[in-house]
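Scroll down for the structure; my scribbles are underneath it.
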Amino acid sequence: MIRFDQVSKRYPNGHQGLDSLSFHIRTGEMVFITGHSGAGKSTLLKLIMCMERPTSGHVHVGGQNLRDLGSHDIPYLRRQVGVVFQNHQLLFDRTVFDNVALPLIINGTPRDEIGRRVRAALDKVGLLKRENMYPISLSGGEQQRVGIARAVVHKPALLLADEPTGNLDPELSAEIMGLFEDFNRVGVTVIIASHDLPLIAQLDHRMLTLSEGRLLADGD
Amino acid sequence: MAANQKPVDKRSQKAASGAARSSRSWRHPLRSWVSSHRDSTRLALRRIGDYPFSTLMIVLVMSIVLALPMGLAVLIDQVERLGIDWQRAAQLSVYLEDGVEADAAQALQAEIEALEDVASTQLLDRELALAEFQQHSGLGDALQQLAYNPLPDVILVMPQSIEGGASALQPLRDRLAQLPGVDEVQIDLLWVERLTSILAMFERFTGGLAVLLVLALLLVMANTIRLAIESRRNEILVIKLVGGTDAFVRRPFLYLGVFYGLLAGLLAWLLLAAGLSWLNVTVRQVAALYQSDFALSGMPLADGLVLLAGAMLLGLAGAWLAVGRHIRDIEPR
């Protein structure tokens with residue numbers, strides 16, 4: 001599903017984001033990326049999303065070398081990926097329903113199907129009754145679950161999450177991780193960047209540990 | 001990647017209704033295109049509703065800028081039509097030589113009236129003309145001092161047709177000038193032609209003004225849309241993150257430009273219609289002083305529609321100027 005081949009990313013300010021990183025994630029895996037802040041976790045996810053381009057090396061997603069993607073192809077790559085952000089990235093002037101419907105509207109899903117699929121996604125994260133509320137009136141945990149519903153509503157094959165439990169208490173964090181495991185169980189490849197080591201330790205999944213842009217450890 | 005997607009079982013369900021699916025398959029892109037445009041329209045209208053004051057401001061500015069050259073053009077057009085009416089009243093003045101007797105003058109009038117190009121004639125007797133001149137010119141006393149009447153007899157000739165203006169009347173003029181007893185023949189069209197060329201000058205001026213104002217409008221519109229884009233920066237970032245194309249992001253802003261144009265066009269139309277009827281009150285008074293029933297005919301429908309279409313096009317063009325650069329610049333990092 002995802003292969004990094006000697007990938008380096010150096011930023012214009014001289015900061016080395018990634019340094020000759022190579023790894024392979026198979027379809028249907030659930031993988032945690034850990035490391036200190038600045039270790040390159042976010043850079044790694046941004047490269048998969050084509051938000052950044054590598055300085056050298058190759059990134060393959062779903063058999064596609066991202067180097068071959070032009071800027072016009074990038075939206076179509078992103079439609080096949082669901083992303084959950086630490087700061088949710090919700091639109092506060094739209095209802096929960098409209099926030100979750102956004103990926104479906106973008107890829108041109110017929111209107112009657114949008115309602116059905118948005119409600120299915122909201123039901124999955126337990127927010128069906130909140131569809132007409134605005135995100136501002138939801139708690140942090142609920143906002144994050146709206147973000148997750150938006151990330152999975154168009155049934156992506158790949159789900160990325162950048163510090164999805166960053167601001168949540170341990171109980172809510174475990175709940176959110178449980179949701180990701182549910183999606184993984186039905187075949188979605190899940191990659192989660194997190195530095196919440198105690199939480200990750202409770203879960204039995206592959207873990208890539210980064211340090212200063214290099215792969216420090218790869219294992220369960 | 002698609003192979004990994006879950007709805008394998010769903011596909012087999014749908015295969016049962018394969019015929020229904022294939023008839024839908026070509027309609028789906030069209031339908032989603034239509035619904036995407038409907039969404040963009042809704043977003044644009046919502047923005048107008050959310051910011052009524054700034055909408056009012058931009059629409060007011062646009063409508064005033066539009067109404068100015070359009071109003072001038074409409075006015076010039078109507079005065080031009082008045083000029084054509086005056087041309088229709090064109091006549092030739094045939095001045096007779098000194099010493100032509102009254103009977104001879106009347107015979108000459110009859111002879112001219114018999115010409116085929118002539119519709120009618122009128123003989124102005126020199127004594128009568130002098131008396132009238134003394135009464136109306138305020139030079140009565142001075143004229144009394146004159147030893148003789150300086151005015152000639154005049155025969156006014158209304159031509160059959162005035163198509164082609166002064167130059168078309170030239171042959172008739174030459175023919176009249178060769179008649180015995182005729183001193184000089186004048187075509188009383190010159191001042192109408194002067195008016196026409198003055199109007200042409202104003203028309204040119206209005207055209208230049210319109211070009212400048214249209215440029216200004218484009219800039220105003222581009223700046224307004226740029227601000228709208230800037231205030232939705234966060235939304236644009238999120239849309240791009242979940243796979244929205246530049247075209248998808250662009251569309252609501254283009255619609256916004258078109259709607260601003262539509263509103264400004266309607267308001268400009270209203271301004272012009274009101275302005276013309278307001279002006280008409282005094283135009284009628286002035287025309288009445290000249291024994292004319294001339295009046296402005298109001299805003300022509302065709303001109304109004306052109307105004308509307310032009311305003312919408314301007315809105316679209318201005319929006320296009322803004323979105324081209326700014327939306328490409330907003331990229332998630």
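Quick note on naming: the chains in the structure tokens go A, B, ... in the order shown, residues restart at 1 in each chain, and ligands are numbered from 1 in order of appearance.
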
Query raised in the report: Which polymer residues have any atom within 12 Å of an atom of Leu305 (chain B), counting only C-alpha atoms, with same-chain residues fewer than 6 positions away left out, as a VMD selection string?
Result: chain B and resid 70 262 265 to 266 268 to 269 299 311 to 312

Query raised in the report: Quick one: DSSP helix (DSSP H, G or I) residues in region 69-215 of chain A, as an MDAnalysis selection string?
Result: chainID A and resid 74:78 96:106 111:124 128:130 135:137 140:152 170:185 197:202

Report task. Identify every residue of chain A that has at least one atom within 8 Å of any atom of chain B, counting only C-alpha atoms, and report the result as a VMD selection string. Result -> chain A and resid 1 27 to 28 46 51 to 52 62 to 63 72 74 to 83 89 to 91 102 to 103 105 to 111 155 to 157 186 to 188

Requested in this report: Just the residues within 8 Å of Arg206 (chain A), please, counting only C-alpha atoms, with nothing from its chain fewer than 6 positions along; format it as a VMD selection string.
Outcome: chain A and resid 30 to 32 218 to 220

Report task. Could you give me, as a ChimeraX atom specification, the residues within 12 Å of Gly126 (chain A), counting only C-alpha atoms and dropping anything in the same chain fewer than 3 positions from it? Result -> /A:119-123,129-131,141-146,148-149,175-176,179

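Distances from A:Arg214, A:Ala201, A:Asp73, A:Asp169 to Lys9 (chain A) were compared using only C-alpha atoms, and the smallest one belongs to A:Arg214.
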
Report task. Looking only at strand (DSSP E or B) from DSSP on the backbone, list the matching residues of region 95-171 of chain A as a list in words. Result ->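 DSSP on the backbone gives strand (DSSP E or B) at Leu158, Leu159, Leu160, Ala161 and Asp162 of chain A.
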
Report task. Please provide as a list in words all residues within 12 Å of Leu215 (chain B), with the sequence filter that same-chain residues fewer than 4 positions apart are discarded (counting only C-alpha atoms). Result ->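 Contacts, in chain order: Met62, Val65, Leu66, Gly208, Leu209, Ala210, Val211, Leu219, Val220, Met221, Ala222, Leu314, Gly315, Ala317, Gly318 and Leu321 of chain B.
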